[in-house]
Number of protein chains: 2
Amino acid sequence: MNNFTDELRRHNLKATPQRLAISSALHNYGHVSIDTLYEMMLGEFASISLATIYKNINIMLENSYIQEVKIPQNKTVYELTKSSHSHLVCVDCKSVEDVSVDVDEIVNKLNLDDTFLISKADLVISGVCKNCN
Amino acid sequence: MNNFTDELRRHNLKATPQRLAISSALHNYGHVSIDTLYEMMLGEFASISLATIYKNINIMLENSYIQEVKIPQNKTVYELTKSSHSHLVCVDCKSVEDVSVDVDEIVNKLNLDDTFLISKADLVISGVCKNCN
DNA sequence: GATTAAAGGATAAAGATTATATTTTAAGTT
DNA sequence: AACTTAAAATATAATCTTTATCCTTTAATC
């Protein structure tokens with residue numbers, strides 16, 4: 001069961017119908033850009049405002065309910081917050097998928113001889129997915 | 001000696017004064033956003049057009065003379081193309097510095113049991129730099 | 001030095017994001 | 001269950017950001 005209502009409230013976000021729909025869209029499609037999200041939402045809320053999308057994406061980011069993923073040469077996509085992982089991006093079809101990589105292991109080696117206090121590490125791997133070759 | 005003229009031509013780019021200045025700016029400052037680059041350039045070319053900055057950044061990217069670095073929560077910066085490396089970004093002062101990380105090592109492990117053909121891997125490490133803590 | 005395709009500059013156009021004002025509503029309270 | 005209120009949604013304007021267009025200038029070749 002996906003109780004997005006509770007999950008939203010846990011992040012200090014009111015559970016509005018629009019936010020529940022955004023949650024479902026991110027859950028079902030994994031990684032979605034602002035404009036495809038807007039298109040999706042228009043199906044369910046014919047009169048939704050694009051400003052609503054932006055405002056919600058921004059507050060959801062602030063409250064760590066979602067995460068942004070910046071894609072090389074392409075639009076930023078958003079995903080529901082989950083345990084640490086990296087991303088595979090197809091340069092052909094632009095699809096994004098999660099992949100488990102032990103980034104911490106590599107990053108921790110650096111930390112030893114460095115005064116930089118690491119908080120996170122974002123790894124985006126580009127290439128051609130199995131459907132595109 | 002920094003012969004940006006030859007380096008530009010090697011990438012099929014005409015060596016104009018504006019492009020030489022962009023080259024110097026990236027070389028001297030390492031990582032620069034569009035608008036700070038524009039401000040820098042205005043010092044040298046009082047009447048330079050912002051469109052010139054954009055057009056040059058785009059063609060320099062296409063010809064791999066420069067690389068983009070997408071920063072979490074912040075503006076994209078650009079750097080001269082050099083050997084593979086990762087980036088440290090300070091969430092406080094926003095400074096960006098290069099760091100040598102053996103990303104290939106980790107990424108190659110994935111390649112084995114995956115049909116995804118990897119072409120590159122971008123790693124951006126966020127945290128607080130030594131000047132900011 | 002002459003030729004020409006490419007680049008620069010000025011500005012308009014298009015796209016993306018944020019701000020403002022008003023209406024609506026989720027969530028807590030009575 | 002209706003009442004209250006701060007927050008959210010909507011519509012739209014305003015503000016960036018980026019690209020396109022048109023005309024002028026120039027780097028590179030001969």
# chains A, B, ... in the order shown; residues from 1 in each chain; ligands from 1
$ closest_atom_pairs --of "chain B" --to "chain C" --cutoff "8 Å" --atoms "only C-alpha atoms (C1' of nucleotides)" --output "CSV"
residue,atom,partner,partner_atom,distance
B:Thr16,CA,C:DA7,C1',8.0
B:Ser47,CA,C:DG9,C1',7.6
B:Ile48,CA,C:DG9,C1',6.9
B:Ser49,CA,C:DG9,C1',5.8
B:Thr52,CA,C:DG8,C1',6.6
$ select_by_dssp --residues "chain A" --states "strand (DSSP E)" --output "ChimeraX atom specification"
/A:32-33,66-69,77-80,86-90,96-99,117-128
$ closest_atom_pairs --of "chain B" --to "chain A" --cutoff "12 Å" --atoms "only C-alpha atoms" --output "Markdown table"
| residue | atom | partner | partner_atom | distance |
| --- | --- | --- | --- | --- |
| B:Asn58 | CA | A:Gln73 | CA | 10.7 |
| B:Leu61 | CA | A:Gln73 | CA | 9.8 |
| B:Glu62 | CA | A:Gln73 | CA | 10.5 |
| B:Gln67 | CA | A:Pro72 | CA | 10.1 |
| B:Glu68 | CA | A:Pro72 | CA | 7.9 |
| B:Val69 | CA | A:Pro72 | CA | 8.1 |
| B:Lys70 | CA | A:Lys70 | CA | 6.6 |
| B:Ile71 | CA | A:Lys70 | CA | 7.8 |
| B:Pro72 | CA | A:Lys70 | CA | 7.2 |
| B:Gln73 | CA | A:Glu68 | CA | 8.5 |
| B:Asn74 | CA | A:Lys70 | CA | 10.4 |
| B:Lys75 | CA | A:Lys70 | CA | 11.0 |
| B:Thr76 | CA | A:Lys70 | CA | 9.9 |
| B:Ser86 | CA | A:Leu123 | CA | 9.7 |
| B:His87 | CA | A:Ala121 | CA | 9.6 |
| B:Leu88 | CA | A:Phe116 | CA | 8.3 |
| B:Val89 | CA | A:Ile118 | CA | 9.3 |
| B:Cys90 | CA | A:Phe116 | CA | 8.4 |
| B:Val91 | CA | A:Ser119 | CA | 9.1 |
| B:Asp92 | CA | A:Leu117 | CA | 11.3 |
| B:Ser95 | CA | A:Phe116 | CA | 11.7 |
| B:Val96 | CA | A:Phe116 | CA | 11.6 |
| B:Glu97 | CA | A:Phe116 | CA | 10.7 |
| B:Val99 | CA | A:Leu110 | CA | 8.9 |
| B:Ser100 | CA | A:Leu110 | CA | 9.0 |
| B:Val101 | CA | A:Ile106 | CA | 7.5 |
| B:Asp102 | CA | A:Ile106 | CA | 7.7 |
| B:Val103 | CA | A:Ile106 | CA | 7.9 |
| B:Asp104 | CA | A:Ile125 | CA | 10.3 |
| B:Glu105 | CA | A:Ile106 | CA | 9.4 |
| B:Ile106 | CA | A:Val101 | CA | 7.5 |
| B:Val107 | CA | A:Val101 | CA | 8.0 |
| B:Asn108 | CA | A:Val101 | CA | 10.9 |
| B:Lys109 | CA | A:Val101 | CA | 9.4 |
| B:Leu110 | CA | A:Val101 | CA | 8.1 |
| B:Asn111 | CA | A:Gly127 | CA | 10.9 |
| B:Asp114 | CA | A:Lys130 | CA | 8.6 |
| B:Thr115 | CA | A:Lys130 | CA | 5.4 |
| B:Phe116 | CA | A:Cys129 | CA | 4.6 |
| B:Leu117 | CA | A:Val128 | CA | 5.1 |
| B:Ile118 | CA | A:Gly127 | CA | 4.2 |
| B:Ser119 | CA | A:Gly127 | CA | 4.7 |
| B:Lys120 | CA | A:Ser126 | CA | 5.3 |
| B:Ala121 | CA | A:Ile125 | CA | 4.2 |
| B:Asp122 | CA | A:Val124 | CA | 5.2 |
| B:Leu123 | CA | A:Leu123 | CA | 4.4 |
| B:Val124 | CA | A:Asp122 | CA | 5.2 |
| B:Ile125 | CA | A:Ala121 | CA | 4.2 |
| B:Ser126 | CA | A:Lys120 | CA | 5.3 |
| B:Gly127 | CA | A:Ile118 | CA | 4.2 |
| B:Val128 | CA | A:Leu117 | CA | 5.1 |
| B:Cys129 | CA | A:Phe116 | CA | 4.6 |
| B:Lys130 | CA | A:Thr115 | CA | 5.4 |
| B:Asn131 | CA | A:Phe116 | CA | 9.0 |
| B:Cys132 | CA | A:Phe116 | CA | 9.2 |
| B:Asn133 | CA | A:Leu117 | CA | 8.6 |
$ interface_residues --of "chain D" --to "chain A" --cutoff "12 Å" --atoms "only C-alpha atoms (C1' of nucleotides)" --output "list in words"
DA6, DA7, DA8, DA9, DT10, DA11 and DT12 of chain D
$ select_by_dssp --residues "chain A" --states "helix (DSSP H, G or I)" --output "PyMOL selection string"
chain A and resi 4-10+17-29+34-44+50-62+103-112+130-132
$ write_last_selection --atoms "C-alpha atoms" --output "compact mmCIF listing (two decimals), in the first residue's frame"
# COMPACT_ATOMS: atom_id res chain seq x y z
CA PHE A 4 1.36 9.10 0.31
CA THR A 5 -0.87 11.07 2.64
CA ASP A 6 1.08 9.97 5.68
CA GLU A 7 4.38 10.23 3.87
CA LEU A 8 3.66 13.83 2.89
CA ARG A 9 2.65 14.75 6.42
CA ARG A 10 5.80 13.15 7.76
CA PRO A 17 -4.97 16.01 -4.13
CA GLN A 18 -2.39 17.67 -6.37
CA ARG A 19 0.47 16.55 -4.16
CA LEU A 20 -0.88 13.02 -3.97
CA ALA A 21 -0.99 12.96 -7.76
CA ILE A 22 2.58 14.22 -8.00
CA SER A 23 3.59 11.51 -5.56
CA SER A 24 1.90 8.82 -7.66
CA ALA A 25 3.47 10.11 -10.86
CA LEU A 26 6.96 10.04 -9.36
CA HIS A 27 6.32 6.64 -7.83
CA ASN A 28 5.00 5.13 -11.05
CA TYR A 29 7.43 6.69 -13.51
CA ILE A 34 8.77 19.43 -14.76
CA ASP A 35 7.06 19.58 -18.13
CA THR A 36 6.20 15.89 -18.42
CA LEU A 37 4.89 16.07 -14.88
CA TYR A 38 2.74 19.02 -15.90
CA GLU A 39 1.38 17.09 -18.87
CA MET A 40 0.60 14.09 -16.69
CA MET A 41 -1.16 16.25 -14.13
CA LEU A 42 -3.30 17.95 -16.76
CA GLY A 43 -4.96 14.60 -17.39
CA GLU A 44 -6.14 14.44 -13.81
CA LEU A 50 2.05 25.28 -13.87
CA ALA A 51 2.90 27.46 -10.89
CA THR A 52 1.42 24.77 -8.66
CA ILE A 53 3.86 22.26 -10.10
CA TYR A 54 6.82 24.54 -9.50
CA LYS A 55 5.78 25.52 -6.02
CA ASN A 56 5.21 21.93 -5.01
CA ILE A 57 8.43 20.66 -6.53
CA ASN A 58 10.32 23.39 -4.68
CA ILE A 59 8.76 22.82 -1.29
CA MET A 60 9.03 19.05 -1.69
CA LEU A 61 12.73 19.49 -2.39
CA GLU A 62 13.18 21.77 0.61
CA VAL A 103 30.01 5.63 -3.87
CA ASP A 104 30.73 6.08 -0.19
CA GLU A 105 33.54 3.59 -0.34
CA ILE A 106 35.43 5.67 -2.90
CA VAL A 107 34.49 8.96 -1.34
CA ASN A 108 35.58 7.95 2.13
CA LYS A 109 39.11 7.36 0.89
CA LEU A 110 39.25 11.02 -0.07
CA ASN A 111 37.97 12.21 3.25
CA LEU A 112 41.11 11.01 5.02
CA LYS A 130 19.94 -2.09 -23.61
CA ASN A 131 16.88 -0.99 -25.56
CA CYS A 132 18.90 1.48 -27.64
